[in-house]
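Here's the structure, in structure tokens; my notes come after.
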Amino acid sequence: MNIFKKFKSGLNKSSEKLSEGFKNLILKKNIDNLTLDSLEEFLIESDVGVETAEKLKQIFAKTKIDPQTDGLKQINKIVEKYIQDKMKPLEKKIIDNKNIKPKVLLIAGVNGVGKTTTIGKLGKILSKENNQIVFAAADTFRAAASDQLEVWSKKIGATIIKSDPGSDPASVAFKALEFSKKNNIDYLLIDTAGRLQNKKNLMDEFKKIVNVTKKIDSTAPHEIYLILDATTGQSAINQVEEFQKISPITGLIMTKLDGTAKGGILIAVSEKFNLPIIALGLGEKEDDMQLFDAQNFSKALMSG
């Protein structure tokens with residue numbers, strides 16, 4: 001399956017919902033004020049966000065439907081172009097040529113977004129470039145997280161650094177970074193416990209992990225990726241806001257896009273925060289984590 005087909009398959013539910021909604025609204029060859037209001041309302045309901053909906057409404061207002069063409073196709077093309085233009089600058093490579101060893105990637109997010117699985121899939125992507133990978137199992141509150149990471153480490157030939165359940169997560173991160181420095185490791189991926197963004201003690205623990213890595217490398221962590229679950233809709237906005245208060249987020253990964261008709265939430269998050277997007281979870285298989293590509297994303301979302 002080529003990359004576009006993976007995007008199309010993963011975004012199928014969102015694409016079908018958008019297409020059906022536009023089809024029901026664009027029944028005539030001109031777009032009047034009532035239709036414009038309906039389009040805006042539908043876009044907001046589709047979780048693309050108020051700002052995006054308003055901007056698209058303004059574009060629609062200036063659009064003249066060509067009577068010789070399919071009005072729905074014209075609307076789809078307008079939305080596709082808007083999404084691509086907005087999100088193309090947010091593409092960010094996970095592998096770069098900077099001579100940093102190890103490059104420390106700290107993975108954050110609330111409970112249930114799929115952090116541990118995402119780390120495994122990212123590790124697989126990175127290992128294809130013959131990079132040496134270390135996983136730090138700093139989610140010591142959930143024994144299954146360490147077991148899950150261990151399975152992934154064996155699959156891709158990564159080293160895992162872990163500790164006993166309930167031990168200090170920051171100490172695991174510290175040990176993992178020490179090991180990575182000594183062994184000339186390319187990438188260190190640190191798992192963290194799922195935490196509710198409104199629980200101060202858990203957010204403090206996350207901050208402690210950030211600070212302890214700096215004791216070994218003042219520039220670490222080099223990246224902090226926030227994992228967002230597409231099925232949670234607008235609460236993703238609040239999660240970004242709260243984690244940004246602890247430490248700057250350098251990239252977003254959105255999971256479970258195949259399980260929701262509200263894939264538009266990634267557009268809303270992009271509009272509000274303008275943060276780089278690293279990858280998308282487009283399915284449950286090992287190779288269904290795809291590095292973000294704005295063209296494929298926008299085309300797949302509007303191809304229903």
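Chain labels follow the order of the structure tokens: the first chain is A, the next B, and so on; residue numbering restarts at 1 in every chain, and ligands are counted from 1 in their shown order.
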Can you tell me, as a list of chain:residue names, what residues are no more than 9 Å from Lys256 of chain A when counting only C-alpha atoms, ignoring any on the same chain fewer than 5 positions away?
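Surrounding residues, per the criterion: A:Gly10, A:Val113, A:Gly114, A:Leu228, A:Asp229, A:Ala230, A:Thr231, A:Leu280, A:Gly281, A:Leu282, A:Gly283, A:Glu284.
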Could you take the residues named above and write them with all heavy atoms, as a CSV table (one decimal), in the first residue's frame?
chain,number,residue,atom,x,y,z
A,10,GLY,N,-6.7,5.5,6.5
A,10,GLY,CA,-6.8,5.9,7.9
A,10,GLY,C,-7.8,7.0,8.2
A,10,GLY,O,-8.3,7.1,9.3
A,113,VAL,N,-3.7,7.6,25.3
A,113,VAL,CA,-3.5,8.1,24.0
A,113,VAL,C,-2.7,7.2,23.1
A,113,VAL,O,-2.6,7.4,21.9
A,113,VAL,CB,-2.9,9.6,24.0
A,113,VAL,CG1,-3.9,10.6,24.6
A,113,VAL,CG2,-1.6,9.6,24.7
A,114,GLY,N,-2.0,6.3,23.7
A,114,GLY,CA,-1.2,5.4,22.9
A,114,GLY,C,0.3,5.7,22.9
A,114,GLY,O,1.0,5.5,21.9
A,228,LEU,N,-1.5,13.0,21.0
A,228,LEU,CA,-3.0,13.4,21.1
A,228,LEU,C,-3.8,12.3,20.5
A,228,LEU,O,-3.5,11.8,19.4
A,228,LEU,CB,-3.2,14.7,20.4
A,228,LEU,CG,-2.5,15.9,20.9
A,228,LEU,CD1,-2.7,17.1,20.0
A,228,LEU,CD2,-2.9,16.3,22.3
A,229,ASP,N,-4.9,12.0,21.1
A,229,ASP,CA,-5.9,11.0,20.6
A,229,ASP,C,-7.0,11.7,19.8
A,229,ASP,O,-7.7,12.5,20.4
A,229,ASP,CB,-6.4,10.2,21.8
A,229,ASP,CG,-7.5,9.2,21.5
A,229,ASP,OD1,-8.0,9.2,20.3
A,229,ASP,OD2,-7.8,8.3,22.3
A,230,ALA,N,-7.1,11.4,18.5
A,230,ALA,CA,-8.0,12.1,17.7
A,230,ALA,C,-9.5,11.9,18.2
A,230,ALA,O,-10.3,12.8,18.0
A,230,ALA,CB,-7.9,11.6,16.3
A,231,THR,N,-9.7,10.8,18.8
A,231,THR,CA,-11.1,10.5,19.2
A,231,THR,C,-11.6,11.4,20.4
A,231,THR,O,-12.8,11.4,20.7
A,231,THR,CB,-11.3,9.0,19.6
A,231,THR,OG1,-10.5,8.7,20.8
A,231,THR,CG2,-10.9,8.1,18.5
A,280,LEU,N,1.3,10.6,12.2
A,280,LEU,CA,-0.1,10.3,12.4
A,280,LEU,C,-0.3,8.8,12.6
A,280,LEU,O,0.3,8.0,11.9
A,280,LEU,CB,-1.0,10.8,11.3
A,280,LEU,CG,-0.9,12.2,10.9
A,280,LEU,CD1,-1.8,12.5,9.7
A,280,LEU,CD2,-1.2,13.2,12.0
A,281,GLY,N,-1.1,8.4,13.6
A,281,GLY,CA,-1.5,7.0,13.7
A,281,GLY,C,-2.7,6.7,12.9
A,281,GLY,O,-3.8,7.2,13.2
A,282,LEU,N,-2.6,6.0,11.8
A,282,LEU,CA,-3.6,5.8,10.8
A,282,LEU,C,-4.2,4.3,10.9
A,282,LEU,O,-4.9,3.9,10.0
A,282,LEU,CB,-3.1,6.1,9.4
A,282,LEU,CG,-2.7,7.5,9.2
A,282,LEU,CD1,-1.9,7.7,7.9
A,282,LEU,CD2,-3.8,8.5,9.3
A,283,GLY,N,-3.8,3.6,11.9
A,283,GLY,CA,-4.3,2.2,12.0
A,283,GLY,C,-3.6,1.5,13.2
A,283,GLY,O,-2.7,2.1,13.8
A,284,GLU,N,-3.9,0.3,13.4
A,284,GLU,CA,-3.3,-0.5,14.5
A,284,GLU,C,-2.1,-1.3,14.1
A,284,GLU,O,-1.4,-1.8,15.0
A,284,GLU,CB,-4.4,-1.4,15.1
A,284,GLU,CG,-5.7,-0.7,15.4
A,284,GLU,CD,-6.3,-1.1,16.8
A,284,GLU,OE1,-5.8,-2.1,17.3
A,284,GLU,OE2,-7.2,-0.4,17.3
Those in segment 114-147 of chain A with strand (DSSP E) from DSSP, as a list in words
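Filtering segment 114-147 of chain A to strand (DSSP E) leaves Ile133, Val134, Phe135, Ala136, Ala137 and Ala138 of chain A.
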Restrict the selected residues to N, CA and C atoms and save them as a PDB file, in the first residue's frame.
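Result went into out-v1.pdb, see below:
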ATOM      1  N   ILE A 133      18.995   2.532  18.969  1.00  0.00           N
ATOM      2  CA  ILE A 133      17.862   3.068  19.723  1.00  0.00           C
ATOM      3  C   ILE A 133      17.864   2.548  21.152  1.00  0.00           C
ATOM      4  N   VAL A 134      17.536   3.447  22.094  1.00  0.00           N
ATOM      5  CA  VAL A 134      17.300   3.038  23.481  1.00  0.00           C
ATOM      6  C   VAL A 134      15.906   3.503  23.893  1.00  0.00           C
ATOM      7  N   PHE A 135      15.161   2.623  24.536  1.00  0.00           N
ATOM      8  CA  PHE A 135      13.872   2.969  25.138  1.00  0.00           C
ATOM      9  C   PHE A 135      14.069   3.109  26.644  1.00  0.00           C
ATOM     10  N   ALA A 136      13.562   4.185  27.205  1.00  0.00           N
ATOM     11  CA  ALA A 136      13.546   4.346  28.661  1.00  0.00           C
ATOM     12  C   ALA A 136      12.124   4.137  29.149  1.00  0.00           C
ATOM     13  N   ALA A 137      11.917   3.077  29.921  1.00  0.00           N
ATOM     14  CA  ALA A 137      10.574   2.741  30.407  1.00  0.00           C
ATOM     15  C   ALA A 137      10.284   3.532  31.681  1.00  0.00           C
ATOM     16  N   ALA A 138      10.073   4.840  31.518  1.00  0.00           N
ATOM     17  CA  ALA A 138       9.861   5.711  32.672  1.00  0.00           C
ATOM     18  C   ALA A 138       8.393   5.777  33.098  1.00  0.00           C
TER      19      ALA A 138
END
Helix (DSSP H, G or I) call set, DSSP backbone run, segment 26-258 of chain A, as a VMD selection string
chain A and resid 33 to 45 50 to 61 71 to 90 115 to 127 143 to 156 169 to 182 200 to 216 230 to 232 235 to 246 257 to 258
Polymer residues at most 9 Å from Ile253 of chain A, only C-alpha atoms, same-chain spacing of 2 or more positions, as a ChimeraX atom specification
/A:118,225-229,251,255,277-281,292
What's the 12 Å shell around Asp147 of chain A, counting only C-alpha atoms, without same-chain residues fewer than 2 positions away, as a ChimeraX atom specification?
/A:116-117,120,135-140,142-145,149-154,160-165
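Residues in contact range of Thr213 of chain A, defined as at most 10 Å between only C-alpha atoms, with sequence neighbours fewer than 4 positions away removed, read A:Val104, A:Leu106, A:Ala170, A:Ser171, A:Ala173, A:Phe174, A:Lys175, A:Ala176, A:Leu177, A:Glu178, A:Lys208, A:Ile209, A:Asp217, A:Ser218, A:Thr219, A:Ala220, A:Pro221, A:His222.
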Point out the residue among A:Lys262, A:Lys92, A:Lys272, A:Lys182 with the least atom-to-atom distance to Asn238 of chain A, counting only C-alpha atoms.
A:Lys272
All residues 9 Å or closer to segment 75-87 of chain A, only C-alpha atoms, same chain fewer than 4 positions away omitted, as a list in words:
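These residues fall inside the cut-off: Ser19, Phe22, Ile26, Leu56, Ile59, Phe60, Thr63, Ile65, Asp70, Gly71, Glu91, Ile267, Ser270, Glu271, Asn274, Pro276, Ile277, Asp293, Ala294, Gln295, Asn296, Phe297, Ser298, Lys299, Ala300, Leu301, Met302 and Ser303 of chain A.
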Would you list the contacts of segment 37-45 of chain A as a count of residues only, taking every protein, DNA or RNA residue within 12 Å and counting only C-alpha atoms, but skipping same-chain residues closer than 5 positions in sequence?
36
